[in-house]
file data03.txt (compact mmCIF, C-alpha atoms)
# COMPACT_ATOMS: atom_id res chain seq x y z
CA MET A 1 -158.44 18.75 140.68
CA GLN A 2 -156.91 21.94 142.05
CA THR A 3 -159.00 24.99 141.23
CA ARG A 4 -157.59 28.38 140.31
CA ARG A 5 -158.68 29.66 143.72
CA ASP A 6 -156.95 26.79 145.54
CA PHE A 7 -153.81 27.27 143.46
CA LEU A 8 -153.55 30.99 144.22
CA LYS A 9 -154.38 30.36 147.89
CA THR A 10 -151.51 27.87 148.11
CA CYS A 11 -149.12 30.38 146.50
CA MET A 12 -150.24 33.19 148.78
CA TYR A 13 -149.86 31.14 151.95
CA GLY A 14 -146.43 30.01 150.78
CA THR A 15 -145.09 33.56 150.88
CA ALA A 16 -145.27 35.41 154.18
CA GLY A 17 -146.44 38.95 153.87
CA LEU A 18 -147.62 38.83 150.26
CA ALA A 19 -150.30 41.41 150.96
CA VAL A 20 -147.67 44.05 151.63
CA ALA A 21 -148.33 46.97 149.28
CA GLY A 22 -145.35 49.08 150.23
CA ILE A 23 -142.64 49.63 152.78
CA GLY A 24 -144.67 52.24 154.62
CA MET A 25 -147.55 49.90 155.46
CA PRO A 26 -147.88 48.21 158.87
CA LEU A 27 -145.81 45.08 159.32
CA PRO A 28 -147.65 41.80 158.78
CA ALA A 29 -148.13 39.50 161.74
CA PHE A 30 -145.27 37.07 161.31
CA ALA A 31 -144.60 34.33 163.83
CA LYS A 32 -141.32 34.70 165.65
CA VAL A 33 -138.48 32.81 164.03
CA MET A 34 -137.05 30.07 166.19
CA GLY A 35 -133.46 30.45 167.29
CA SER A 36 -131.22 32.63 169.40
CA ASN A 37 -132.71 35.76 170.92
CA ASP A 38 -129.36 37.52 170.76
CA ARG A 39 -129.36 40.68 168.71
CA ILE A 40 -127.83 40.28 165.24
CA ARG A 41 -125.26 42.99 164.60
CA VAL A 42 -125.01 44.07 160.97
CA GLY A 43 -122.34 45.99 159.09
CA VAL A 44 -122.82 47.93 155.87
CA ILE A 45 -120.27 47.31 153.12
CA GLY A 46 -120.63 50.32 150.82
CA PHE A 47 -122.94 53.20 151.76
CA SER A 48 -124.34 53.41 148.25
CA ASP A 49 -127.45 55.09 146.88
CA ARG A 50 -128.93 51.62 146.38
CA PHE A 51 -128.36 50.81 150.03
CA ARG A 52 -129.67 54.11 151.34
CA SER A 53 -132.82 54.27 149.21
CA SER A 54 -133.95 50.63 149.15
CA LEU A 55 -132.00 48.13 151.22
CA LEU A 56 -131.83 50.21 154.40
CA PRO A 57 -135.57 51.09 154.60
CA SER A 58 -136.40 47.42 154.00
CA PHE A 59 -133.98 46.34 156.72
CA MET A 60 -135.21 48.92 159.22
CA ALA A 61 -138.84 47.87 158.64
CA CYS A 62 -137.93 44.43 160.05
CA ALA A 63 -135.07 45.22 162.43
CA GLU A 64 -136.92 45.75 165.70
CA GLU A 65 -139.23 42.77 165.30
CA LEU A 66 -136.45 40.38 164.29
CA ASN A 67 -133.91 41.90 166.73
CA PHE A 68 -131.32 43.13 164.21
CA GLU A 69 -129.31 46.35 164.34
CA ILE A 70 -126.86 48.25 162.13
CA VAL A 71 -123.64 48.83 164.07
CA ALA A 72 -120.99 49.71 161.48
CA VAL A 73 -120.32 51.07 158.00
CA SER A 74 -117.30 50.44 155.79
CA ASP A 75 -116.70 52.75 152.84
CA ILE A 76 -113.40 53.71 151.26
CA TRP A 77 -114.68 57.19 150.36
CA LYS A 78 -114.48 59.75 153.18
CA LEU A 79 -117.60 61.58 151.95
CA ARG A 80 -119.72 58.42 152.09
CA ARG A 81 -118.50 57.52 155.57
CA GLU A 82 -119.44 60.93 156.88
CA GLU A 83 -122.82 60.79 155.13
CA ALA A 84 -123.49 57.38 156.66
CA VAL A 85 -122.81 58.47 160.23
CA LYS A 86 -125.01 61.55 159.78
CA HIS A 87 -127.82 59.64 158.04
CA PHE A 88 -128.08 56.96 160.71
CA ARG A 89 -127.97 59.49 163.53
CA GLU A 90 -130.49 61.95 162.07
CA LYS A 91 -132.97 59.52 160.48
CA TYR A 92 -132.86 56.58 162.88
CA GLY A 93 -131.17 57.88 166.04
CA ILE A 94 -128.40 55.29 165.66
CA ASN A 95 -124.70 55.84 166.27
CA VAL A 96 -122.72 53.61 163.90
CA LYS A 97 -118.96 53.11 163.76
CA ALA A 98 -117.39 54.12 160.45
CA PHE A 99 -114.44 52.19 159.03
CA ARG A 100 -112.12 53.16 156.18
CA ASN A 101 -112.17 49.68 154.66
CA ASN A 102 -113.52 46.17 155.13
CA GLU A 103 -110.37 44.87 156.77
CA GLU A 104 -110.75 47.38 159.59
CA LEU A 105 -114.41 46.50 160.03
CA TYR A 106 -113.80 42.74 160.23
CA ASP A 107 -110.81 43.19 162.52
CA ALA A 108 -113.11 44.97 164.98
CA LYS A 109 -115.18 41.77 165.29
CA ILE A 110 -118.42 43.63 165.99
CA CYS A 111 -120.54 42.23 163.13
CA ASP A 112 -122.45 38.97 162.76
CA ALA A 113 -123.67 39.78 159.24
CA VAL A 114 -123.15 42.35 156.50
CA ILE A 115 -125.08 43.92 153.63
CA ILE A 116 -122.88 44.30 150.55
CA SER A 117 -123.81 47.06 148.09
CA THR A 118 -120.60 48.03 146.35
CA ALA A 119 -119.50 48.24 142.69
CA ASP A 120 -120.61 45.38 140.44
CA PHE A 121 -117.17 43.81 140.01
CA GLN A 122 -116.53 43.89 143.77
CA HIS A 123 -119.52 41.84 144.96
CA ALA A 124 -117.92 38.41 144.71
CA GLN A 125 -114.64 39.47 146.32
CA HIS A 126 -116.45 41.29 149.12
CA CYS A 127 -118.62 38.22 149.66
CA ILE A 128 -115.48 36.10 150.07
CA GLN A 129 -114.13 38.55 152.64
CA ALA A 130 -117.39 38.51 154.56
CA VAL A 131 -117.90 34.77 154.89
CA LYS A 132 -114.23 34.14 155.70
CA ALA A 133 -114.58 36.72 158.47
CA GLY A 134 -117.47 34.68 159.89
CA CYS A 135 -120.33 36.87 158.64
CA ASP A 136 -123.54 36.00 156.86
CA ALA A 137 -124.17 38.31 153.92
CA TYR A 138 -126.81 39.93 151.76
CA VAL A 139 -124.98 40.44 148.44
CA GLU A 140 -126.29 42.71 145.72
CA LYS A 141 -126.38 41.45 142.15
CA PRO A 142 -124.64 40.80 139.85
CA PHE A 143 -122.91 38.19 141.97
CA ALA A 144 -119.81 38.14 139.75
CA GLU A 145 -118.62 39.58 136.44
CA THR A 146 -115.89 36.99 135.78
CA MET A 147 -115.96 33.21 136.19
CA GLU A 148 -112.78 33.33 138.26
CA ASP A 149 -114.53 35.52 140.84
CA ALA A 150 -117.74 33.48 140.64
CA ARG A 151 -115.97 30.17 141.28
CA ALA A 152 -113.94 31.58 144.17
CA ALA A 153 -116.98 33.12 145.88
CA LEU A 154 -119.14 30.01 145.45
CA LYS A 155 -116.36 27.89 146.96
CA ALA A 156 -115.93 30.23 149.94
CA VAL A 157 -119.64 30.31 150.75
CA LYS A 158 -119.96 26.53 150.55
CA GLU A 159 -116.87 25.95 152.69
CA THR A 160 -117.97 28.34 155.42
CA GLY A 161 -121.66 27.41 155.42
CA LYS A 162 -122.68 31.04 155.84
CA ILE A 163 -126.15 32.28 154.92
CA VAL A 164 -125.88 34.32 151.73
CA GLN A 165 -128.82 35.97 150.01
CA ILE A 166 -128.25 37.27 146.48
CA GLY A 167 -130.15 40.48 145.69
CA SER A 168 -132.41 38.82 143.10
CA GLN A 169 -135.54 40.05 144.81
CA ARG A 170 -137.97 38.64 142.25
CA ARG A 171 -137.57 35.33 144.08
CA SER A 172 -139.36 36.80 147.09
CA ALA A 173 -142.20 38.44 145.15
CA PRO A 174 -145.67 36.86 145.24
CA ASN A 175 -146.34 37.08 141.52
CA TYR A 176 -143.05 35.38 140.65
CA GLN A 177 -143.54 32.70 143.29
CA ALA A 178 -147.02 32.04 141.94
CA ALA A 179 -145.63 31.86 138.40
CA TYR A 180 -142.99 29.37 139.56
CA GLU A 181 -145.63 27.17 141.21
CA TYR A 182 -147.83 27.35 138.13
CA ILE A 183 -145.04 26.31 135.76
CA GLN A 184 -143.93 23.55 138.12
CA SER A 185 -147.49 22.22 138.25
CA GLY A 186 -147.23 21.38 134.54
CA LYS A 187 -150.37 23.31 133.63
CA PHE A 188 -148.45 25.83 131.52
CA GLY A 189 -146.91 23.13 129.39
CA LYS A 190 -143.42 23.15 127.92
CA ILE A 191 -141.80 26.58 127.71
CA THR A 192 -141.10 27.17 124.03
CA MET A 193 -139.78 30.75 124.15
CA VAL A 194 -139.19 33.67 126.50
CA GLU A 195 -139.05 37.35 125.56
CA MET A 196 -137.59 39.93 127.93
CA THR A 197 -137.02 43.68 127.61
CA TRP A 198 -135.69 46.46 129.83
CA ASN A 199 -135.97 49.88 128.19
CA VAL A 200 -135.36 53.32 129.70
CA ASN A 201 -134.87 56.85 128.38
CA GLN A 202 -132.90 58.61 131.09
CA PRO A 203 -129.78 60.53 130.02
CA GLY A 204 -128.54 60.49 133.61
CA ARG A 205 -128.96 56.76 134.12
CA TRP A 206 -125.72 55.61 135.74
CA ARG A 207 -124.27 59.11 135.26
CA ARG A 208 -123.43 61.14 138.39
CA PRO A 209 -121.82 64.40 137.18
CA ASN A 210 -122.57 66.43 140.31
CA LEU A 211 -121.20 63.73 142.59
CA VAL A 212 -118.16 63.12 140.34
CA ALA A 213 -117.19 66.76 140.87
CA LYS A 214 -116.97 66.09 144.64
CA CYS A 215 -114.82 62.97 144.38
CA PHE A 216 -111.05 63.35 144.86
CA GLU A 217 -108.37 60.67 144.92
CA GLN A 218 -106.99 61.77 148.30
CA ASP A 219 -110.39 61.16 149.90
CA THR A 220 -110.67 57.54 148.83
CA ASP A 221 -108.58 54.42 148.28
CA TRP A 222 -108.20 53.79 144.55
CA LYS A 223 -106.02 50.71 145.01
CA ARG A 224 -108.60 49.01 147.19
CA PHE A 225 -111.33 50.01 144.75
CA LEU A 226 -109.57 48.24 141.85
CA LEU A 227 -109.20 44.98 143.78
CA ASN A 228 -108.18 42.35 141.19
CA ARG A 229 -108.92 44.41 138.07
CA PRO A 230 -106.09 45.66 135.80
CA TYR A 231 -104.61 48.93 136.96
CA GLU A 232 -106.02 52.14 135.51
CA LYS A 233 -105.11 55.63 136.63
CA TRP A 234 -107.47 57.47 138.96
CA ASP A 235 -110.74 58.44 137.36
CA PRO A 236 -113.67 59.64 139.48
CA ARG A 237 -116.07 58.65 136.70
CA LYS A 238 -114.96 55.03 136.86
CA TYR A 239 -115.23 55.20 140.64
CA LEU A 240 -118.80 56.55 140.69
CA GLU A 241 -120.10 55.72 137.20
CA TYR A 242 -118.55 52.24 137.13
CA ARG A 243 -121.67 50.75 135.47
CA LEU A 244 -120.59 52.48 132.26
CA PHE A 245 -117.08 51.02 132.18
CA TRP A 246 -116.01 47.43 131.56
CA PRO A 247 -114.30 45.66 133.37
CA PHE A 248 -115.80 47.38 136.43
CA SER A 249 -119.27 46.40 135.22
CA SER A 250 -120.79 44.72 132.18
CA GLY A 251 -123.54 47.36 132.21
CA ILE A 252 -126.87 46.11 130.87
CA PRO A 253 -126.15 42.35 131.29
CA GLY A 254 -125.03 42.59 134.92
CA GLN A 255 -127.34 45.38 136.03
CA TRP A 256 -130.66 44.48 134.42
CA MET A 257 -130.47 41.20 132.57
CA SER A 258 -129.19 39.38 135.67
CA HIS A 259 -132.53 40.06 137.39
CA GLN A 260 -134.61 38.72 134.54
CA ILE A 261 -132.51 35.78 133.38
CA ASP A 262 -132.50 34.49 136.95
CA THR A 263 -136.23 33.78 136.63
CA VAL A 264 -135.52 31.48 133.68
CA HIS A 265 -133.13 29.41 135.80
CA TRP A 266 -135.55 29.38 138.71
CA PHE A 267 -138.66 28.46 136.73
CA THR A 268 -136.96 25.72 134.69
CA GLY A 269 -134.28 24.33 137.00
CA LEU A 270 -131.67 24.89 134.28
CA ALA A 271 -128.39 26.29 135.59
CA HIS A 272 -127.26 28.25 132.54
CA PRO A 273 -127.67 28.69 128.77
CA GLN A 274 -126.24 26.23 126.29
CA SER A 275 -125.12 29.10 124.06
CA VAL A 276 -125.47 32.87 123.60
CA ALA A 277 -125.21 35.12 120.55
CA ALA A 278 -125.44 38.89 121.01
CA ASN A 279 -124.89 42.27 119.42
CA GLY A 280 -125.03 45.86 120.59
CA GLY A 281 -123.33 49.20 120.60
CA ILE A 282 -123.21 52.77 121.83
CA TYR A 283 -125.77 54.32 119.50
CA CYS A 284 -126.96 57.35 121.46
CA TRP A 285 -124.89 58.36 124.50
CA LYS A 286 -121.43 59.31 123.23
CA ASP A 287 -120.22 60.27 126.70
CA GLY A 288 -117.02 58.24 126.99
CA ARG A 289 -118.69 55.08 128.25
CA ARG A 290 -117.32 51.66 127.35
CA ASN A 291 -120.52 49.69 127.98
CA PHE A 292 -123.26 49.54 125.37
CA ASP A 293 -126.47 51.57 125.50
CA THR A 294 -128.27 49.01 123.30
CA VAL A 295 -128.14 45.21 123.59
CA THR A 296 -129.91 42.32 121.90
CA ALA A 297 -129.06 38.75 122.90
CA VAL A 298 -130.38 35.31 122.02
CA PHE A 299 -129.94 32.49 124.54
CA ASP A 300 -130.44 28.82 123.79
CA TYR A 301 -131.54 26.83 126.84
CA GLY A 302 -132.15 23.13 127.26
CA LYS A 303 -130.61 19.86 128.32
CA PRO A 304 -127.27 18.66 126.91
CA ASP A 305 -129.04 15.93 124.93
CA GLY A 306 -131.02 18.56 123.07
CA SER A 307 -134.35 17.87 124.75
CA ASP A 308 -136.66 20.54 126.15
CA ASN A 309 -134.81 23.29 124.29
CA PHE A 310 -136.21 26.81 124.05
CA GLN A 311 -134.98 30.28 123.19
CA VAL A 312 -134.75 33.45 125.29
CA LEU A 313 -134.75 36.74 123.38
CA TYR A 314 -133.46 39.62 125.50
CA SER A 315 -133.28 43.27 124.45
CA SER A 316 -132.51 46.50 126.28
CA ARG A 317 -132.04 50.09 125.21
CA MET A 318 -131.21 53.20 127.22
CA HIS A 319 -132.48 55.87 124.80
CA ASN A 320 -136.18 55.06 124.31
CA GLU A 321 -138.40 53.56 127.00
CA ALA A 322 -141.20 52.24 124.79
CA GLY A 323 -142.04 48.73 125.93
CA GLY A 324 -140.60 49.26 129.41
CA VAL A 325 -139.84 46.12 131.40
CA LYS A 326 -141.38 42.96 129.98
CA GLU A 327 -141.10 39.26 130.84
CA LEU A 328 -143.18 36.97 128.64
CA TYR A 329 -143.16 33.18 128.82
CA PHE A 330 -144.72 31.27 125.92
CA SER A 331 -146.00 27.73 125.54
CA ASN A 332 -148.09 26.11 122.83
CA GLY A 333 -151.13 26.83 124.99
CA GLY A 334 -150.70 30.53 125.70
CA THR A 335 -148.71 33.21 127.51
CA LEU A 336 -147.54 33.99 131.05
CA ASN A 337 -147.06 37.77 131.26
CA LEU A 338 -145.15 39.01 134.32
CA ASP A 339 -145.78 42.65 133.41
CA THR A 340 -149.56 42.35 133.63
CA ASN A 341 -149.39 39.27 135.92
CA GLN A 342 -151.78 37.47 133.61
CA VAL A 343 -151.83 33.87 132.44
CA SER A 344 -153.84 33.79 129.23
CA SER A 345 -154.64 31.73 126.15
CA GLU A 346 -153.08 34.45 123.97
CA GLY A 347 -151.14 32.81 121.16
CA GLY A 348 -152.36 29.32 122.10
CA MET A 349 -153.34 26.78 119.46
CA GLN A 350 -156.88 27.64 118.31
CA LYS A 351 -159.47 25.07 117.22
CA TRP A 352 -159.26 25.95 113.53
CA ALA A 353 -155.48 25.47 113.53
CA ALA A 354 -155.76 22.19 115.43
CA ASP A 355 -158.47 20.87 113.11
CA GLU A 356 -156.22 21.32 110.09
CA MET A 357 -153.77 18.86 111.59
CA GLY A 358 -156.25 16.51 113.23
CA MET A 359 -155.16 17.70 116.67
CA GLN A 360 -156.90 19.01 119.76
CA PRO A 361 -156.87 22.77 120.48
CA ASN A 362 -154.55 23.83 123.28
CA LEU A 363 -155.66 26.93 125.20
CA LEU A 364 -154.71 27.85 128.77
CA GLU A 365 -157.31 28.91 131.32
CA ASN A 366 -157.13 32.67 131.83
CA PHE A 367 -156.37 33.90 135.36
CA LYS A 368 -154.45 36.59 137.22
CA LEU A 369 -151.37 36.17 139.39
CA PRO A 370 -150.87 38.24 142.56
CA ASP A 371 -150.28 41.83 141.45
CA VAL A 372 -146.78 43.21 142.02
CA LYS A 373 -145.28 45.41 139.32
CA VAL A 374 -141.76 46.75 138.83
CA ALA A 375 -141.66 50.32 137.53
CA THR A 376 -139.13 51.07 134.80
CA SER A 377 -138.00 54.23 136.59
CA ALA A 378 -137.50 52.43 139.90
CA ASN A 379 -134.21 50.93 140.98
CA THR A 380 -135.95 47.52 141.18
CA GLY A 381 -135.95 47.86 144.93
CA GLY A 382 -138.25 50.70 145.96
CA ASP A 383 -141.18 48.28 146.14
CA PRO A 384 -142.43 45.37 148.25
CA MET A 385 -140.03 42.93 146.56
CA THR A 386 -136.99 44.28 148.38
CA TYR A 387 -138.79 44.34 151.72
CA LEU A 388 -139.84 40.69 151.34
CA HIS A 389 -136.38 39.68 150.12
CA MET A 390 -134.52 41.45 152.92
CA ARG A 391 -136.88 39.98 155.47
CA ASN A 392 -136.37 36.49 154.07
CA TRP A 393 -132.60 36.88 154.51
CA MET A 394 -132.95 38.13 158.07
CA GLU A 395 -135.25 35.25 158.99
CA CYS A 396 -132.81 32.77 157.44
CA VAL A 397 -129.88 34.25 159.37
CA ARG A 398 -131.81 33.22 162.48
CA SER A 399 -133.22 29.89 161.26
CA ARG A 400 -130.08 28.88 159.29
CA LYS A 401 -132.30 27.78 156.41
CA GLN A 402 -131.31 28.59 152.84
CA PRO A 403 -132.84 31.89 151.62
CA ASN A 404 -134.96 32.40 148.51
CA ALA A 405 -131.96 33.42 146.39
CA PRO A 406 -129.05 31.28 147.65
CA VAL A 407 -125.50 31.60 146.43
CA GLN A 408 -126.01 29.03 143.67
CA ALA A 409 -128.65 31.30 142.11
CA GLY A 410 -126.09 34.10 141.98
CA TYR A 411 -123.49 31.79 140.50
CA ASN A 412 -125.91 30.68 137.80
CA HIS A 413 -127.04 34.17 136.79
CA SER A 414 -123.36 35.13 136.64
CA ILE A 415 -122.72 32.42 134.05
CA ALA A 416 -125.50 33.83 131.86
CA THR A 417 -124.42 37.46 132.21
CA ILE A 418 -120.77 36.63 131.57
CA MET A 419 -121.76 34.61 128.49
CA CYS A 420 -123.80 37.55 127.21
CA ASN A 421 -120.99 40.02 127.89
CA ALA A 422 -118.50 37.72 126.14
CA ALA A 423 -120.76 37.45 123.09
CA LEU A 424 -121.18 41.23 122.94
CA ARG A 425 -117.45 41.93 123.20
CA THR A 426 -116.13 39.21 120.91
CA GLY A 427 -118.92 38.97 118.33
CA GLN A 428 -118.73 35.19 118.65
CA LYS A 429 -121.26 32.58 119.66
CA VAL A 430 -120.42 31.76 123.26
CA THR A 431 -120.75 28.40 125.02
CA PHE A 432 -120.11 27.03 128.51
CA ASP A 433 -117.60 24.34 129.44
CA GLU A 434 -119.37 22.36 132.15
CA LYS A 435 -116.28 20.45 133.25
CA ARG A 436 -114.06 23.50 133.66
CA GLN A 437 -116.94 25.81 134.65
CA GLU A 438 -115.67 28.30 132.10
CA VAL A 439 -117.25 30.62 129.55
CA LEU A 440 -115.83 29.98 126.09
CA ALA A 441 -115.70 32.40 123.16
CA GLY A 442 -114.16 30.89 120.06
CA GLY A 443 -113.27 27.83 122.13
CA LYS A 444 -111.14 29.90 124.53
CA PRO A 445 -111.91 31.19 128.03
CA PHE A 446 -113.30 34.75 127.95
CA LYS A 447 -110.97 37.17 129.72
CA TYR A 448 -111.19 40.89 130.35

call {"tool": "encode", "arguments": {"input": "data03.txt", "output": "structure tokens"}}
result
Amino acid sequence: MQTRRDFLKTCMYGTAGLAVAGIGMPLPAFAKVMGSNDRIRVGVIGFSDRFRSSLLPSFMACAEELNFEIVAVSDIWKLRREEAVKHFREKYGINVKAFRNNEELYDAKICDAVIISTADFQHAQHCIQAVKAGCDAYVEKPFAETMEDARAALKAVKETGKIVQIGSQRRSAPNYQAAYEYIQSGKFGKITMVEMTWNVNQPGRWRRPNLVAKCFEQDTDWKRFLLNRPYEKWDPRKYLEYRLFWPFSSGIPGQWMSHQIDTVHWFTGLAHPQSVAANGGIYCWKDGRRNFDTVTAVFDYGKPDGSDNFQVLYSSRMHNEAGGVKELYFSNGGTLNLDTNQVSSEGGMQKWAADEMGMQPNLLENFKLPDVKVATSANTGGDPMTYLHMRNWMECVRSRKQPNAPVQAGYNHSIATIMCNAALRTGQKVTFDEKRQEVLAGGKPFKY
């Protein structure tokens, strides 16, 4: 029988660098990845705050050892291009080429791979551009905000065979990998319910008033920004605060829920919910936004024949942070808590309750998973998760193995987030048409 110590040891050895406590610590002693010794040239698609604060430091921590380098930046905003050139030169002593758009960057043929950190609705389209240009890609989540974009991007990645890592960094974190192994071992028992929350109280969350004041239409390319979305007149808020405005972002579902719901798919092997019902509204921040500041959604998961069904309850609010970020998995025997990283018998069937029914008690053994915690105030990337996830992608670019969060993972979380968004916006119970790969609200495909 596998002991708790053996189980945790197996999980720890299965994840390189799990002892990393932060980006600033010394690099772990990884074996060199087999493959070409040629330097991998990387382009940046979107010099965003997310890229600058989290993705770039994680990349640079691995770049010398794995023989990668940043050579180019594409950003349609003049201010961002200039900031990028200055940032790379002053912080890293690197001279990068700046391009006005992705077409110019790919035409230059100087990149083997790209890191995509653009607006939510652009990720899938920018992924298609990248792989068709012959580049591997690290693509921030959400992967797609419409099924049309999701299907097109999945098809392009599969046809080209490029290595694509979706920015669902939980898949590279030691506590989540240990939780996956534990659930797969069968010791947890059948998942009967999952509860997830993501609560913040930050008036400026997704608001950028100081930066909006510096953004002018003549300094960017509004038409390229819109891509395949319906035309709207120039609005610097939609350009910089896109997370507040559907159809440029679904807001809470695409930004936060996509991280958490991905663990459900990963842990269970289920590709998407059977149905979603949701409600929400703008209850606090009357600032012109179109996306809700409060969301509650109920997902029904299981197999088409009705077996192994369970419910996921998801809630998020942007005006009170009580409860923070929580991910709780329940079985008849207890609870797996990915906030405290504890597996416990809490809530399991006690002896007195079992005796009443002539049954055996069912209580899990208490133990602790590897300790990695996501802070509510963080951008879910300023921690070891992003370092491990970026490194995994870079290693896979060399080995040509599939990364921890392959394109199918992004496609699957997109189904769930689109279903949630459809339920919120239509007020209807939403289902998924497996044959057509389409989200249905009231029996009709959900459209923006």

call {"tool": "closest_residue", "arguments": {"input": "data03.txt", "among": "A:Leu313, A:Leu244, A:Leu55, A:Ala133", "to": "Arg290 of chain A", "atoms": "all atoms listed in the file"}}
result
A:Leu244

call {"tool": "residues_around", "arguments": {"input": "data03.txt", "residues": "segment 41-44 of chain A", "least_positions_apart": "3", "cutoff": "10 Å", "atoms": "all atoms listed in the file", "output": "PyMOL selection string"}}
result
chain A and resi 38+47-48+51+56+67-75+84+96-99+102+105-106+110-118+135-138

call {"tool": "residues_around", "arguments": {"input": "data03.txt", "residues": "Asn341 of chain A", "least_positions_apart": "2", "cutoff": "10 Å", "atoms": "all atoms listed in the file", "output": "JSON, numbers by chain"}}
result
{"A": [175, 176, 178, 179, 327, 328, 336, 337, 338, 339, 343, 344, 367, 368, 369, 370, 371, 372, 373]}

call {"tool": "closest_residue", "arguments": {"input": "data03.txt", "among": "A:Ala108, A:Ile282, A:Leu388, A:Ala416", "to": "His265 of chain A", "atoms": "all atoms listed in the file"}}
result
A:Ala416

call {"tool": "atom_distance", "arguments": {"input": "data03.txt", "atom1": "atom CA of Gly204 of chain A", "atom2": "atom CA of Tyr239 of chain A"}}
result
16.0 Å

call {"tool": "atom_distance", "arguments": {"input": "data03.txt", "atom1": "atom CA of Gln437 of chain A", "atom2": "atom CA of Ala423 of chain A"}}
result
16.8 Å

call {"tool": "atom_distance", "arguments": {"input": "data03.txt", "atom1": "atom CA of Gln255 of chain A", "atom2": "atom CA of Lys401 of chain A"}}
result
27.4 Å

call {"tool": "closest_residue", "arguments": {"input": "data03.txt", "among": "A:Cys127, A:Val164, A:Gln342, A:Pro403", "to": "Arg151 of chain A", "atoms": "only C-alpha atoms"}}
result
A:Cys127

call {"tool": "closest_residue", "arguments": {"input": "data03.txt", "among": "A:Ser258, A:Gln122, A:Asn421, A:Gln402", "to": "Leu227 of chain A", "atoms": "all atoms listed in the file"}}
result
A:Gln122

call {"tool": "closest_residue", "arguments": {"input": "data03.txt", "among": "A:Phe432, A:Tyr314, A:Phe88, A:Trp352", "to": "Phe299 of chain A", "atoms": "all atoms listed in the file"}}
result
A:Tyr314

call {"tool": "residues_around", "arguments": {"input": "data03.txt", "residues": "Asn291 of chain A", "least_positions_apart": "4", "cutoff": "8 Å", "atoms": "all atoms listed in the file", "output": "PDB file with C-alpha atoms, keeping the file's coordinate frame"}}
result
ATOM      1  CA  ARG A 243    -121.670  50.750 135.470  1.00  0.00           C
ATOM      2  CA  LEU A 244    -120.590  52.480 132.260  1.00  0.00           C
ATOM      3  CA  PHE A 245    -117.080  51.020 132.180  1.00  0.00           C
ATOM      4  CA  TRP A 246    -116.010  47.430 131.560  1.00  0.00           C
ATOM      5  CA  SER A 250    -120.790  44.720 132.180  1.00  0.00           C
ATOM      6  CA  GLY A 251    -123.540  47.360 132.210  1.00  0.00           C
ATOM      7  CA  ILE A 252    -126.870  46.110 130.870  1.00  0.00           C
ATOM      8  CA  GLY A 281    -123.330  49.200 120.600  1.00  0.00           C
ATOM      9  CA  ILE A 282    -123.210  52.770 121.830  1.00  0.00           C
TER      10      ILE A 282
END

call {"tool": "residues_around", "arguments": {"input": "data03.txt", "residues": "Val439 of chain A", "least_positions_apart": "6", "cutoff": "12 Å", "atoms": "all atoms listed in the file", "output": "PyMOL selection string"}}
result
chain A and resi 145-148+150-151+272-276+412+414-423+428-433+445-448

call {"tool": "write_last_selection", "arguments": {"input": "data03.txt", "atoms": "C-alpha atoms", "output": "PDB file, keeping the file's coordinate frame"}}
result
ATOM      1  CA  GLU A 145    -118.620  39.580 136.440  1.00  0.00           C
ATOM      2  CA  THR A 146    -115.890  36.990 135.780  1.00  0.00           C
ATOM      3  CA  MET A 147    -115.960  33.210 136.190  1.00  0.00           C
ATOM      4  CA  GLU A 148    -112.780  33.330 138.260  1.00  0.00           C
ATOM      5  CA  ALA A 150    -117.740  33.480 140.640  1.00  0.00           C
ATOM      6  CA  ARG A 151    -115.970  30.170 141.280  1.00  0.00           C
ATOM      7  CA  HIS A 272    -127.260  28.250 132.540  1.00  0.00           C
ATOM      8  CA  PRO A 273    -127.670  28.690 128.770  1.00  0.00           C
ATOM      9  CA  GLN A 274    -126.240  26.230 126.290  1.00  0.00           C
ATOM     10  CA  SER A 275    -125.120  29.100 124.060  1.00  0.00           C
ATOM     11  CA  VAL A 276    -125.470  32.870 123.600  1.00  0.00           C
ATOM     12  CA  ASN A 412    -125.910  30.680 137.800  1.00  0.00           C
ATOM     13  CA  SER A 414    -123.360  35.130 136.640  1.00  0.00           C
ATOM     14  CA  ILE A 415    -122.720  32.420 134.050  1.00  0.00           C
ATOM     15  CA  ALA A 416    -125.500  33.830 131.860  1.00  0.00           C
ATOM     16  CA  THR A 417    -124.420  37.460 132.210  1.00  0.00           C
ATOM     17  CA  ILE A 418    -120.770  36.630 131.570  1.00  0.00           C
ATOM     18  CA  MET A 419    -121.760  34.610 128.490  1.00  0.00           C
ATOM     19  CA  CYS A 420    -123.800  37.550 127.210  1.00  0.00           C
ATOM     20  CA  ASN A 421    -120.990  40.020 127.890  1.00  0.00           C
ATOM     21  CA  ALA A 422    -118.500  37.720 126.140  1.00  0.00           C
ATOM     22  CA  ALA A 423    -120.760  37.450 123.090  1.00  0.00           C
ATOM     23  CA  GLN A 428    -118.730  35.190 118.650  1.00  0.00           C
ATOM     24  CA  LYS A 429    -121.260  32.580 119.660  1.00  0.00           C
ATOM     25  CA  VAL A 430    -120.420  31.760 123.260  1.00  0.00           C
ATOM     26  CA  THR A 431    -120.750  28.400 125.020  1.00  0.00           C
ATOM     27  CA  PHE A 432    -120.110  27.030 128.510  1.00  0.00           C
ATOM     28  CA  ASP A 433    -117.600  24.340 129.440  1.00  0.00           C
ATOM     29  CA  PRO A 445    -111.910  31.190 128.030  1.00  0.00           C
ATOM     30  CA  PHE A 446    -113.300  34.750 127.950  1.00  0.00           C
ATOM     31  CA  LYS A 447    -110.970  37.170 129.720  1.00  0.00           C
ATOM     32  CA  TYR A 448    -111.190  40.890 130.350  1.00  0.00           C
TER      33      TYR A 448
END
